[in-house]
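> Below you'll find work_9.pdb; it's PDB, C-alpha atoms and all ligand atoms.
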ATOM      1  CA  MET A  21     -93.068 -62.631 -38.679
ATOM      2  CA  LEU A  22     -96.540 -63.447 -39.972
ATOM      3  CA  ASN A  23     -97.057 -63.464 -43.709
ATOM      4  CA  GLU A  24    -100.254 -62.535 -45.519
ATOM      5  CA  ALA A  25    -101.517 -66.150 -45.638
ATOM      6  CA  ASP A  26    -100.902 -66.593 -41.878
ATOM      7  CA  ILE A  27    -102.785 -63.395 -41.105
ATOM      8  CA  ARG A  28    -105.702 -64.495 -43.242
ATOM      9  CA  ASP A  29    -105.799 -68.004 -41.727
ATOM     10  CA  HIS A  30    -105.755 -66.714 -38.152
ATOM     11  CA  ALA A  31    -108.454 -64.134 -38.911
ATOM     12  CA  ASP A  32    -110.573 -66.838 -40.616
ATOM     13  CA  ARG A  33    -110.270 -69.105 -37.567
ATOM     14  CA  ILE A  34    -111.406 -66.300 -35.281
ATOM     15  CA  ARG A  35    -114.395 -65.777 -37.560
ATOM     16  CA  ASP A  36    -115.223 -69.494 -37.868
ATOM     17  CA  ILE A  37    -114.470 -71.025 -34.459
ATOM     18  CA  GLY A  38    -113.955 -67.902 -32.373
ATOM     19  CA  PHE A  39    -110.247 -68.258 -31.561
ATOM     20  CA  THR A  40    -106.779 -69.012 -32.875
ATOM     21  CA  VAL A  41    -103.395 -69.708 -31.291
ATOM     22  CA  ILE A  42    -100.235 -68.059 -32.594
ATOM     23  CA  GLU A  43     -97.623 -70.472 -31.280
ATOM     24  CA  ARG A  44     -94.422 -68.944 -29.900
ATOM     25  CA  ALA A  45     -95.386 -65.497 -31.170
ATOM     26  CA  ALA A  46     -93.054 -63.825 -28.668
ATOM     27  CA  ALA A  47     -89.322 -64.518 -28.365
ATOM     28  CA  PRO A  48     -88.192 -66.173 -25.087
ATOM     29  CA  VAL A  49     -86.069 -63.145 -24.225
ATOM     30  CA  LEU A  50     -89.119 -60.872 -24.388
ATOM     31  CA  VAL A  51     -91.174 -63.336 -22.326
ATOM     32  CA  GLU A  52     -88.474 -63.374 -19.638
ATOM     33  CA  SER A  53     -88.223 -59.598 -19.469
ATOM     34  CA  LEU A  54     -92.017 -59.244 -19.260
ATOM     35  CA  LYS A  55     -92.163 -61.752 -16.409
ATOM     36  CA  SER A  56     -89.366 -60.163 -14.469
ATOM     37  CA  ALA A  57     -90.970 -56.715 -14.886
ATOM     38  CA  LEU A  58     -94.231 -58.122 -13.480
ATOM     39  CA  LEU A  59     -92.461 -59.618 -10.484
ATOM     40  CA  ARG A  60     -90.601 -56.379  -9.788
ATOM     41  CA  ILE A  61     -93.782 -54.276 -10.002
ATOM     42  CA  GLU A  62     -95.715 -56.645  -7.741
ATOM     43  CA  ARG A  63     -92.910 -56.374  -5.201
ATOM     44  CA  GLU A  64     -92.376 -52.617  -5.447
ATOM     45  CA  HIS A  65     -96.082 -51.783  -5.289
ATOM     46  CA  ASN A  66     -96.974 -54.552  -2.885
ATOM     47  CA  LEU A  67     -99.770 -55.791  -5.169
ATOM     48  CA  GLY A  68    -102.016 -58.744  -4.381
ATOM     49  CA  PRO A  69    -105.242 -60.384  -5.508
ATOM     50  CA  ALA A  70    -108.364 -58.230  -5.992
ATOM     51  CA  LYS A  71    -110.337 -61.018  -4.234
ATOM     52  CA  THR A  72    -113.568 -61.166  -6.197
ATOM     53  CA  SER A  73    -114.998 -64.353  -7.718
ATOM     54  CA  PHE A  74    -114.315 -62.960 -11.186
ATOM     55  CA  GLU A  75    -110.842 -61.528 -10.609
ATOM     56  CA  GLY A  76    -109.755 -64.400  -8.377
ATOM     57  CA  PHE A  77    -108.734 -64.829  -4.774
ATOM     58  CA  LYS A  78    -105.245 -66.059  -5.706
ATOM     59  CA  THR A  79    -104.724 -64.119  -8.911
ATOM     60  CA  VAL A  80    -102.664 -60.960  -9.189
ATOM     61  CA  ARG A  81    -103.877 -58.626 -11.916
ATOM     62  CA  ILE A  82    -102.038 -55.427 -12.667
ATOM     63  CA  ASN A  83    -104.173 -52.992 -14.663
ATOM     64  CA  ASN A  84    -102.997 -49.904 -16.575
ATOM     65  CA  LEU A  85     -99.812 -51.853 -17.337
ATOM     66  CA  LEU A  86     -98.392 -49.438 -19.914
ATOM     67  CA  THR A  87     -97.614 -46.941 -17.167
ATOM     68  CA  TYR A  88     -95.337 -49.259 -15.190
ATOM     69  CA  ASP A  89     -92.540 -50.157 -17.586
ATOM     70  CA  ASP A  90     -91.807 -49.443 -21.256
ATOM     71  CA  VAL A  91     -91.156 -53.155 -21.840
ATOM     72  CA  PHE A  92     -94.940 -53.634 -21.846
ATOM     73  CA  TRP A  93     -95.303 -51.333 -24.858
ATOM     74  CA  ASP A  94     -94.124 -54.193 -27.079
ATOM     75  CA  VAL A  95     -97.162 -56.272 -26.196
ATOM     76  CA  PRO A  96    -100.096 -54.407 -27.829
ATOM     77  CA  LEU A  97     -97.896 -53.533 -30.833
ATOM     78  CA  HIS A  98     -96.395 -56.986 -31.359
ATOM     79  CA  ALA A  99     -95.825 -57.664 -35.064
ATOM     80  CA  ASN A 100     -96.893 -61.318 -34.728
ATOM     81  CA  VAL A 101    -100.224 -60.392 -33.177
ATOM     82  CA  LEU A 102    -101.450 -56.912 -34.142
ATOM     83  CA  PRO A 103    -101.852 -57.595 -37.907
ATOM     84  CA  VAL A 104    -104.359 -60.351 -37.121
ATOM     85  CA  VAL A 105    -106.329 -58.072 -34.798
ATOM     86  CA  GLU A 106    -106.288 -55.329 -37.434
ATOM     87  CA  ARG A 107    -107.611 -57.819 -39.988
ATOM     88  CA  VAL A 108    -110.554 -58.771 -37.764
ATOM     89  CA  LEU A 109    -111.264 -55.175 -36.659
ATOM     90  CA  ASP A 110    -109.429 -52.528 -38.654
ATOM     91  CA  ARG A 111    -106.238 -50.472 -38.611
ATOM     92  CA  GLU A 112    -107.831 -47.822 -36.426
ATOM     93  CA  CYS A 113    -108.553 -50.265 -33.608
ATOM     94  CA  LEU A 114    -107.868 -49.218 -30.011
ATOM     95  CA  LEU A 115    -106.400 -50.891 -26.996
ATOM     96  CA  SER A 116    -109.384 -51.608 -24.760
ATOM     97  CA  SER A 117    -107.635 -53.040 -21.699
ATOM     98  CA  PHE A 118    -104.285 -54.552 -20.848
ATOM     99  CA  CYS A 119    -103.590 -56.380 -17.594
ATOM    100  CA  SER A 120    -101.546 -59.213 -16.176
ATOM    101  CA  LEU A 121    -103.238 -62.431 -15.088
ATOM    102  CA  VAL A 122    -100.966 -64.308 -12.705
ATOM    103  CA  LEU A 123    -102.799 -67.286 -11.241
ATOM    104  CA  GLY A 124    -101.357 -68.584  -8.008
ATOM    105  CA  PRO A 125    -101.452 -72.258  -6.973
ATOM    106  CA  GLY A 126    -104.919 -73.081  -5.660
ATOM    107  CA  GLN A 127    -106.706 -70.490  -7.818
ATOM    108  CA  GLU A 128    -110.107 -71.942  -8.696
ATOM    109  CA  ALA A 129    -111.519 -71.866 -12.215
ATOM    110  CA  GLN A 130    -112.993 -68.513 -13.173
ATOM    111  CA  PRO A 131    -116.711 -68.469 -14.081
ATOM    112  CA  ILE A 132    -117.289 -68.912 -17.804
ATOM    113  CA  HIS A 133    -118.222 -65.553 -19.326
ATOM    114  CA  GLU A 134    -117.802 -63.497 -22.451
ATOM    115  CA  ASP A 135    -116.294 -60.052 -22.488
ATOM    116  CA  THR A 136    -119.065 -58.260 -24.383
ATOM    117  CA  GLN A 137    -122.030 -59.540 -22.423
ATOM    118  CA  LEU A 138    -122.810 -56.218 -20.735
ATOM    119  CA  ILE A 139    -123.079 -54.488 -24.099
ATOM    120  CA  PRO A 140    -126.734 -54.331 -25.165
ATOM    121  CA  LEU A 141    -126.330 -55.863 -28.612
ATOM    122  CA  ALA A 142    -128.253 -58.888 -29.822
ATOM    123  CA  ARG A 143    -126.001 -61.948 -30.214
ATOM    124  CA  PRO A 144    -124.486 -63.133 -32.434
ATOM    125  CA  HIS A 145    -122.880 -59.904 -33.543
ATOM    126  CA  ILE A 146    -119.777 -58.841 -35.433
ATOM    127  CA  PRO A 147    -116.557 -59.112 -33.400
ATOM    128  CA  ILE A 148    -116.436 -55.906 -31.383
ATOM    129  CA  THR A 149    -113.448 -56.691 -29.212
ATOM    130  CA  VAL A 150    -110.617 -59.137 -29.782
ATOM    131  CA  ASN A 151    -108.710 -60.401 -26.770
ATOM    132  CA  ALA A 152    -105.126 -61.660 -26.835
ATOM    133  CA  ILE A 153    -104.216 -64.004 -23.993
ATOM    134  CA  TRP A 154    -100.439 -64.066 -23.826
ATOM    135  CA  ALA A 155     -98.995 -67.204 -22.209
ATOM    136  CA  LEU A 156     -95.869 -66.152 -20.318
ATOM    137  CA  SER A 157     -95.665 -69.629 -18.752
ATOM    138  CA  ASP A 158     -96.477 -72.894 -20.505
ATOM    139  CA  PHE A 159    -100.281 -73.228 -20.275
ATOM    140  CA  THR A 160    -100.810 -76.844 -19.197
ATOM    141  CA  GLU A 161    -103.653 -79.206 -18.266
ATOM    142  CA  ASN A 162    -103.324 -78.350 -14.595
ATOM    143  CA  ASN A 163    -101.951 -74.837 -14.166
ATOM    144  CA  GLY A 164    -104.975 -72.795 -15.233
ATOM    145  CA  ALA A 165    -104.864 -72.735 -19.038
ATOM    146  CA  THR A 166    -107.780 -70.621 -20.293
ATOM    147  CA  ARG A 167    -110.971 -72.635 -20.829
ATOM    148  CA  ILE A 168    -112.826 -71.956 -24.076
ATOM    149  CA  ILE A 169    -115.970 -73.174 -25.784
ATOM    150  CA  PRO A 170    -115.190 -73.245 -29.510
ATOM    151  CA  GLY A 171    -117.930 -71.797 -31.700
ATOM    152  CA  SER A 172    -119.757 -70.142 -28.783
ATOM    153  CA  HIS A 173    -119.179 -66.661 -30.219
ATOM    154  CA  LYS A 174    -122.019 -67.565 -32.589
ATOM    155  CA  TYR A 175    -124.494 -68.489 -29.832
ATOM    156  CA  ASP A 176    -127.544 -66.275 -29.473
ATOM    157  CA  ARG A 177    -127.062 -65.923 -25.699
ATOM    158  CA  SER A 178    -124.378 -65.301 -23.089
ATOM    159  CA  PRO A 179    -123.396 -67.896 -20.476
ATOM    160  CA  GLU A 180    -125.057 -68.027 -17.082
ATOM    161  CA  TYR A 181    -122.599 -66.709 -14.510
ATOM    162  CA  GLY A 182    -121.338 -69.477 -12.235
ATOM    163  CA  LYS A 183    -122.834 -72.370 -14.231
ATOM    164  CA  ASP A 184    -120.625 -75.322 -15.232
ATOM    165  CA  TYR A 185    -119.976 -75.768 -18.934
ATOM    166  CA  ASP A 186    -117.938 -78.315 -20.875
ATOM    167  CA  ALA A 187    -114.896 -76.422 -22.066
ATOM    168  CA  GLN A 188    -111.657 -77.089 -23.903
ATOM    169  CA  LEU A 189    -108.317 -76.103 -22.360
ATOM    170  CA  ALA A 190    -106.191 -73.728 -24.411
ATOM    171  CA  THR A 191    -102.875 -75.390 -23.607
ATOM    172  CA  MET A 192     -99.917 -73.737 -25.340
ATOM    173  CA  PRO A 193     -96.198 -73.188 -24.830
ATOM    174  CA  ALA A 194     -94.882 -70.012 -23.212
ATOM    175  CA  GLY A 195     -94.610 -67.173 -25.709
ATOM    176  CA  SER A 196     -97.798 -68.217 -27.507
ATOM    177  CA  VAL A 197    -100.798 -65.946 -27.869
ATOM    178  CA  MET A 198    -104.418 -67.027 -28.098
ATOM    179  CA  LEU A 199    -106.528 -64.472 -29.922
ATOM    180  CA  PHE A 200    -110.283 -64.698 -29.659
ATOM    181  CA  ASP A 201    -113.464 -62.883 -30.495
ATOM    182  CA  SER A 202    -114.392 -61.626 -27.036
ATOM    183  CA  ALA A 203    -117.938 -62.924 -27.524
ATOM    184  CA  LEU A 204    -116.462 -66.443 -27.188
ATOM    185  CA  TRP A 205    -117.445 -68.116 -23.922
ATOM    186  CA  HIS A 206    -114.298 -68.558 -21.855
ATOM    187  CA  GLY A 207    -112.713 -68.295 -18.418
ATOM    188  CA  GLY A 208    -109.435 -68.873 -16.617
ATOM    189  CA  GLY A 209    -108.789 -72.503 -15.600
ATOM    190  CA  ALA A 210    -108.032 -73.859 -12.136
ATOM    191  CA  ASN A 211    -104.392 -73.764 -11.099
ATOM    192  CA  GLU A 212    -103.814 -77.162  -9.476
ATOM    193  CA  SER A 213    -100.045 -76.992  -9.911
ATOM    194  CA  ASP A 214     -97.531 -75.669  -7.421
ATOM    195  CA  ALA A 215     -96.308 -72.842  -9.684
ATOM    196  CA  ARG A 216     -97.793 -69.533 -10.766
ATOM    197  CA  ARG A 217     -99.314 -69.214 -14.261
ATOM    198  CA  PHE A 218     -98.130 -65.961 -15.853
ATOM    199  CA  ALA A 219    -100.227 -64.340 -18.572
ATOM    200  CA  PHE A 220    -101.566 -61.112 -19.999
ATOM    201  CA  SER A 221    -104.933 -60.175 -21.334
ATOM    202  CA  CYS A 222    -104.498 -57.529 -24.020
ATOM    203  CA  ALA A 223    -107.865 -56.614 -25.520
ATOM    204  CA  TYR A 224    -108.509 -54.440 -28.562
ATOM    205  CA  CYS A 225    -111.758 -52.790 -29.668
ATOM    206  CA  TRP A 226    -113.045 -50.734 -32.564
ATOM    207  CA  GLY A 227    -112.132 -47.068 -32.721
ATOM    208  CA  TRP A 228    -115.814 -46.148 -32.416
ATOM    209  CA  MET A 229    -116.263 -47.813 -29.036
ATOM    210  CA  ARG A 230    -115.553 -46.855 -25.476
ATOM    211  CA  GLN A 231    -112.393 -48.579 -24.215
ATOM    212  CA  GLN A 232    -112.669 -50.739 -21.089
ATOM    213  CA  GLU A 233    -109.803 -48.868 -19.414
ATOM    214  CA  ASN A 234    -109.758 -45.071 -19.557
ATOM    215  CA  LEU A 235    -106.241 -44.858 -20.961
ATOM    216  CA  GLN A 236    -106.289 -41.164 -21.877
ATOM    217  CA  LEU A 237    -106.814 -40.253 -18.231
ATOM    218  CA  GLY A 238    -105.009 -43.258 -16.739
ATOM    219  CA  ILE A 239    -101.683 -42.802 -18.525
ATOM    220  CA  PRO A 240     -99.838 -39.658 -17.409
ATOM    221  CA  ARG A 241     -99.290 -37.279 -20.354
ATOM    222  CA  GLU A 242     -95.473 -37.395 -20.025
ATOM    223  CA  ILE A 243     -95.532 -41.196 -20.403
ATOM    224  CA  ALA A 244     -97.927 -41.058 -23.382
ATOM    225  CA  GLN A 245     -95.644 -38.485 -25.040
ATOM    226  CA  ARG A 246     -92.768 -40.990 -25.121
ATOM    227  CA  MET A 247     -94.775 -43.775 -26.753
ATOM    228  CA  PRO A 248     -94.537 -44.813 -30.403
ATOM    229  CA  ARG A 249     -97.236 -43.109 -32.469
ATOM    230  CA  ARG A 250     -99.285 -46.258 -33.118
ATOM    231  CA  LEU A 251     -99.458 -46.939 -29.399
ATOM    232  CA  GLN A 252    -100.552 -43.361 -28.703
ATOM    233  CA  GLU A 253    -103.279 -43.745 -31.321
ATOM    234  CA  MET A 254    -104.263 -47.076 -29.830
ATOM    235  CA  CYS A 255    -104.592 -45.502 -26.396
ATOM    236  CA  GLY A 256    -107.171 -43.085 -27.808
ATOM    237  CA  TYR A 257    -105.059 -40.233 -29.177
ATOM    238  CA  SER A 258    -106.728 -40.607 -32.569
ATOM    239  CA  VAL A 259    -109.934 -39.802 -34.424
ATOM    240  CA  TYR A 260    -111.805 -42.765 -35.871
ATOM    241  CA  LYS A 261    -112.558 -42.170 -39.569
ATOM    242  CA  GLY A 262    -111.892 -38.489 -38.943
ATOM    243  CA  GLN A 263    -115.093 -38.231 -36.903
ATOM    244  CA  PHE A 264    -115.136 -39.956 -33.517
ATOM    245  CA  GLY A 265    -112.839 -38.701 -30.788
ATOM    246  CA  HIS A 266    -111.976 -35.190 -31.967
ATOM    247  CA  ILE A 267    -111.467 -32.256 -29.631
ATOM    248  CA  ASP A 268    -112.952 -29.074 -31.106
ATOM    249  CA  ASN A 269    -112.157 -30.391 -34.602
ATOM    250  CA  HIS A 270    -108.590 -31.284 -33.655
ATOM    251  CA  ASP A 271    -106.880 -34.644 -33.418
ATOM    252  CA  PRO A 272    -106.064 -35.367 -29.743
ATOM    253  CA  ILE A 273    -102.604 -36.575 -30.827
ATOM    254  CA  GLU A 274    -101.709 -32.881 -31.167
ATOM    255  CA  LEU A 275    -101.825 -32.757 -27.351
ATOM    256  CA  LEU A 276     -98.786 -35.052 -27.406
ATOM    257  CA  GLY A 277     -96.896 -32.653 -29.680
ATOM    258  CA  ARG A 278     -97.493 -34.586 -32.911
ATOM    259  CA  GLU A 279     -98.897 -33.563 -36.276
ATOM    260  CA  ARG A 280    -102.544 -34.499 -36.723
ATOM    261  CA  GLY A 281    -103.304 -37.813 -38.415
ATOM    262  CA  LYS A 282    -106.371 -37.838 -40.619
ATOM    263  CA  ARG A 283    -108.277 -34.723 -41.641
ATOM    264  CA  MET A 284    -111.648 -34.305 -40.000
ATOM    265  CA  VAL A 285    -114.284 -36.020 -42.098
ATOM    266  CA  TRP A 286    -116.034 -32.740 -42.875
ATOM    267  CA  GLU A 287    -112.897 -31.152 -44.311
ATOM    268  CA  ALA A 288    -111.925 -34.366 -46.124
ATOM    269  CA  THR A 289    -115.362 -34.571 -47.784
ATOM    270  CA  ASP A 290    -115.064 -31.043 -49.173
ATOM    271  CA  ALA A 291    -111.480 -31.674 -50.341
ATOM    272  CA  LYS A 292    -112.608 -34.829 -52.159
ATOM    273  CA  LYS A 293    -115.464 -32.992 -53.829
ATOM    274  CA  ALA A 294    -113.097 -30.188 -54.916
ATOM    275  CA  ARG A 295    -110.727 -32.761 -56.468
ATOM    276  CA  GLU A 296    -113.587 -34.422 -58.324
ATOM    277  CA  THR A 297    -114.830 -31.049 -59.625
ATOM    278  CA  ALA A 298    -111.328 -30.107 -60.790
ATOM    279  CA  ARG A 299    -111.037 -33.403 -62.687
ATOM    280  CA  SER A 300    -114.413 -33.090 -64.447
TER     281      SER A 300
HETATM  282  O1  LIG B   1    -106.998 -66.020 -16.941
HETATM  283  C1  LIG B   1    -107.466 -66.412 -18.009
HETATM  284  O2  LIG B   1    -106.999 -67.360 -18.626
HETATM  285  C2  LIG B   1    -108.661 -65.715 -18.605
HETATM  286  C3  LIG B   1    -109.105 -64.508 -17.842
HETATM  287  C4  LIG B   1    -110.328 -63.882 -18.387
HETATM  288  O3  LIG B   1    -110.965 -64.379 -19.272
HETATM  289  C5  LIG B   1    -110.827 -62.619 -17.838
HETATM  290  O4  LIG B   1    -110.386 -62.213 -16.766
HETATM  291  O5  LIG B   1    -111.722 -62.015 -18.470
END
Please lay out the structure from this file as structure tokens.

Amino acid sequence: MLNEADIRDHADRIRDIGFTVIERAAAPVLVESLKSALLRIEREHNLGPAKTSFEGFKTVRINNLLTYDDVFWDVPLHANVLPVVERVLDRECLLSSFCSLVLGPGQEAQPIHEDTQLIPLARPHIPITVNAIWALSDFTENNGATRIIPGSHKYDRSPEYGKDYDAQLATMPAGSVMLFDSALWHGGGANESDARRFAFSCAYCWGWMRQQENLQLGIPREIAQRMPRRLQEMCGYSVYKGQFGHIDNHDPIELLGRERGKRMVWEATDAKKARETARS
């Protein structure tokens, strides 16, 4: 379990160099059950590569993962990861996207990119999404470890798609999680080994932004109803600062049969004023 100093150090590294690695964040037993769930789902749903240069011709990505098996719910909520994300963003952050990234042997390196480059904000900017790459296999020199360019989150431009850049390999043992400011230049490595590289990308964004995956529509209501409250909030059943995301002045979490979270900002402002008046 991370302590306060660990959380601060990881968050500082993300701010300063754009990434940090939480070694062996996940217990081996969790890693094994996540991998076997992925293999079962691939088999049962007959899933294969999306076959684009970005998504890979030999890479199997399963999107909308939370709907397939409850074992995946542990990933976005993981106690060795989420506190760092919440320190960089805040405690009302959302899950932006969550998919598997299983690189088959022969998968070529992915073009270097950054995950916020389609957002029309001048760079450098504050971290707006934080991505967690979960290594479910050892990430090695030759099996496709993510390539990163330390410090590039501070560059004033995005990379040119398809251009070669000198990058560092994020090698790490299975169970480790690399967290990075999604403005960091990065890309999957080439898998020159004869085994598959298992990983997840679990990305978080601010509560005031649009999520990359439309989780409120993508996750059937009866599945969302069974989730822990924080995960429901993270999937968009929440109102950021009591303002963004309400439905006719109600918290969308009420649709899942729960009590509202925060008061709407308008009501909270009046209540605060009334308290101040009563005190004076
Ligand atoms: O597979 C990886 O290591 C990174 C994948 C990635 O950056 C992406 O798909 O956006």
> My list of candidates is A:Asn23, A:Gln127, A:Gln263, A:Asn234. Which is closest to Gly281 in chain A when distances are computed with only C-alpha atoms?
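Distance minimum relative to Gly281 in chain A lands on A:Gln263.
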> Taking all atoms listed in the file into account, which residues are within 6 Å of ligand LIG 1 (chain B), as a PDB file with C-alpha atoms, keeping the file's coordinate frame?

ATOM      1  CA  LEU A 121    -103.238 -62.431 -15.088  1.00  0.00           C
ATOM      2  CA  ALA A 165    -104.864 -72.735 -19.038  1.00  0.00           C
ATOM      3  CA  THR A 166    -107.780 -70.621 -20.293  1.00  0.00           C
ATOM      4  CA  HIS A 206    -114.298 -68.558 -21.855  1.00  0.00           C
ATOM      5  CA  GLY A 207    -112.713 -68.295 -18.418  1.00  0.00           C
ATOM      6  CA  GLY A 208    -109.435 -68.873 -16.617  1.00  0.00           C
TER       7      GLY A 208
END
> With distances taken over all atoms listed in the file, which residue among A:Gly124, A:Gly256, A:Gly76, A:Pro96 lies nearest Leu275 in chain A?
A:Gly256
> So that I can see what lies close to Ile153 in chain A, please list as a list of chain:residue names the residues with an atom at most 9 Å from it, counting only C-alpha atoms and leaving out residues fewer than 5 positions away in the same chain.
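With the cut-off at 9 Å, the set is A:Thr166, A:Ser196, A:Val197, A:Met198, A:Leu199, A:Phe200, A:Ala219, A:Phe220, A:Ser221, A:Cys222, A:Ala223.
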> The PyMOL selection byres (((chain A and resi 254) around 12) and not hetatm) - which residues does that actually catch in the file I just gave you? List them as a CSV table (one decimal) with C-alpha atoms, in the frame of the given file.

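Printed below is out_34.csv as written:
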chain,number,residue,atom,x,y,z
A,86,LEU,CA,-98.4,-49.4,-19.9
A,93,TRP,CA,-95.3,-51.3,-24.9
A,96,PRO,CA,-100.1,-54.4,-27.8
A,97,LEU,CA,-97.9,-53.5,-30.8
A,102,LEU,CA,-101.4,-56.9,-34.1
A,106,GLU,CA,-106.3,-55.3,-37.4
A,110,ASP,CA,-109.4,-52.5,-38.7
A,111,ARG,CA,-106.2,-50.5,-38.6
A,112,GLU,CA,-107.8,-47.8,-36.4
A,113,CYS,CA,-108.6,-50.3,-33.6
A,114,LEU,CA,-107.9,-49.2,-30.0
A,115,LEU,CA,-106.4,-50.9,-27.0
A,116,SER,CA,-109.4,-51.6,-24.8
A,117,SER,CA,-107.6,-53.0,-21.7
A,118,PHE,CA,-104.3,-54.6,-20.8
A,222,CYS,CA,-104.5,-57.5,-24.0
A,223,ALA,CA,-107.9,-56.6,-25.5
A,224,TYR,CA,-108.5,-54.4,-28.6
A,225,CYS,CA,-111.8,-52.8,-29.7
A,226,TRP,CA,-113.0,-50.7,-32.6
A,227,GLY,CA,-112.1,-47.1,-32.7
A,228,TRP,CA,-115.8,-46.1,-32.4
A,231,GLN,CA,-112.4,-48.6,-24.2
A,233,GLU,CA,-109.8,-48.9,-19.4
A,234,ASN,CA,-109.8,-45.1,-19.6
A,235,LEU,CA,-106.2,-44.9,-21.0
A,236,GLN,CA,-106.3,-41.2,-21.9
A,244,ALA,CA,-97.9,-41.1,-23.4
A,247,MET,CA,-94.8,-43.8,-26.8
A,248,PRO,CA,-94.5,-44.8,-30.4
A,249,ARG,CA,-97.2,-43.1,-32.5
A,250,ARG,CA,-99.3,-46.3,-33.1
A,251,LEU,CA,-99.5,-46.9,-29.4
A,252,GLN,CA,-100.6,-43.4,-28.7
A,253,GLU,CA,-103.3,-43.7,-31.3
A,255,CYS,CA,-104.6,-45.5,-26.4
A,256,GLY,CA,-107.2,-43.1,-27.8
A,257,TYR,CA,-105.1,-40.2,-29.2
A,258,SER,CA,-106.7,-40.6,-32.6
A,259,VAL,CA,-109.9,-39.8,-34.4
A,260,TYR,CA,-111.8,-42.8,-35.9
A,272,PRO,CA,-106.1,-35.4,-29.7
A,273,ILE,CA,-102.6,-36.6,-30.8
> Enclose the full set of atoms of range 73-86 of chain A listed in the file within a box whose edges lie along x, y and z, apply 8 Å of padding to each of the six sides, and report centre and edge lengths in Å to one decimal as JSON.

{"center_x": -106.7, "center_y": -57.7, "center_z": -12.3, "size_x": 32.6, "size_y": 32.6, "size_z": 31.1}
> So which one's closest to Ser172 in chain A, A:Ala129, A:Ile37, A:Ala45, A:Ala215? Using all atoms listed in the file, please.
A:Ile37
> Quick one: of A:Ala190, A:Ala57, A:Val108, A:Ala210, who's nearest to Leu85 in chain A, counting all atoms listed in the file?
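Checking each of A:Ala190, A:Ala57, A:Val108, A:Ala210 against Leu85 in chain A, counting all atoms listed in the file, the winner is A:Ala57.
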> For this structure, which residues satisfy the selection - the PyMOL selection byres (((chain A and resi 83) around 7) and not hetatm) - when it is evaluated on the file as given? I want them as number ranges by chain.
A: 81-82, 84-85, 118-120
> Would you save the residues from that selection as a PDB file, keeping the file's coordinate frame, using C-alpha atoms?

ATOM      1  CA  ARG A  81    -103.877 -58.626 -11.916  1.00  0.00           C
ATOM      2  CA  ILE A  82    -102.038 -55.427 -12.667  1.00  0.00           C
ATOM      3  CA  ASN A  84    -102.997 -49.904 -16.575  1.00  0.00           C
ATOM      4  CA  LEU A  85     -99.812 -51.853 -17.337  1.00  0.00           C
ATOM      5  CA  PHE A 118    -104.285 -54.552 -20.848  1.00  0.00           C
ATOM      6  CA  CYS A 119    -103.590 -56.380 -17.594  1.00  0.00           C
ATOM      7  CA  SER A 120    -101.546 -59.213 -16.176  1.00  0.00           C
TER       8      SER A 120
END
> What's the 9 Å shell around His133 in chain A, counting all atoms listed in the file, without same-chain residues fewer than 5 positions away, as a PDB file with C-alpha atoms, keeping the file's coordinate frame?

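After the write, out20.pdb holds the following:
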ATOM      1  CA  SER A 178    -124.378 -65.301 -23.089  1.00  0.00           C
ATOM      2  CA  PRO A 179    -123.396 -67.896 -20.476  1.00  0.00           C
ATOM      3  CA  GLU A 180    -125.057 -68.027 -17.082  1.00  0.00           C
ATOM      4  CA  TYR A 181    -122.599 -66.709 -14.510  1.00  0.00           C
ATOM      5  CA  GLY A 182    -121.338 -69.477 -12.235  1.00  0.00           C
ATOM      6  CA  ALA A 203    -117.938 -62.924 -27.524  1.00  0.00           C
ATOM      7  CA  LEU A 204    -116.462 -66.443 -27.188  1.00  0.00           C
ATOM      8  CA  TRP A 205    -117.445 -68.116 -23.922  1.00  0.00           C
ATOM      9  CA  HIS A 206    -114.298 -68.558 -21.855  1.00  0.00           C
ATOM     10  CA  GLY A 207    -112.713 -68.295 -18.418  1.00  0.00           C
TER      11      GLY A 207
END
> Nearest residue to Glu43 in chain A out of A:Leu276, A:Ala294, A:Ala99, A:Ala155, using only C-alpha atoms?
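For Glu43 in chain A, the nearest of the candidates is A:Ala155.
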> Return the single residue from A:Pro193, A:Leu141, A:Gly265, A:Ile168 that is closest to Pro48 in chain A, with distances computed using only C-alpha atoms.
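For Pro48 in chain A, the nearest of the given residues is A:Pro193.
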> Using all atoms listed in the file, collect all residues at a distance of at most 9 Å from (-103.2, -65.9, -9.8) as written in the file, then present them as a PyMOL selection string.
chain A and resi 69+75-81+121-127+164+211+216-218
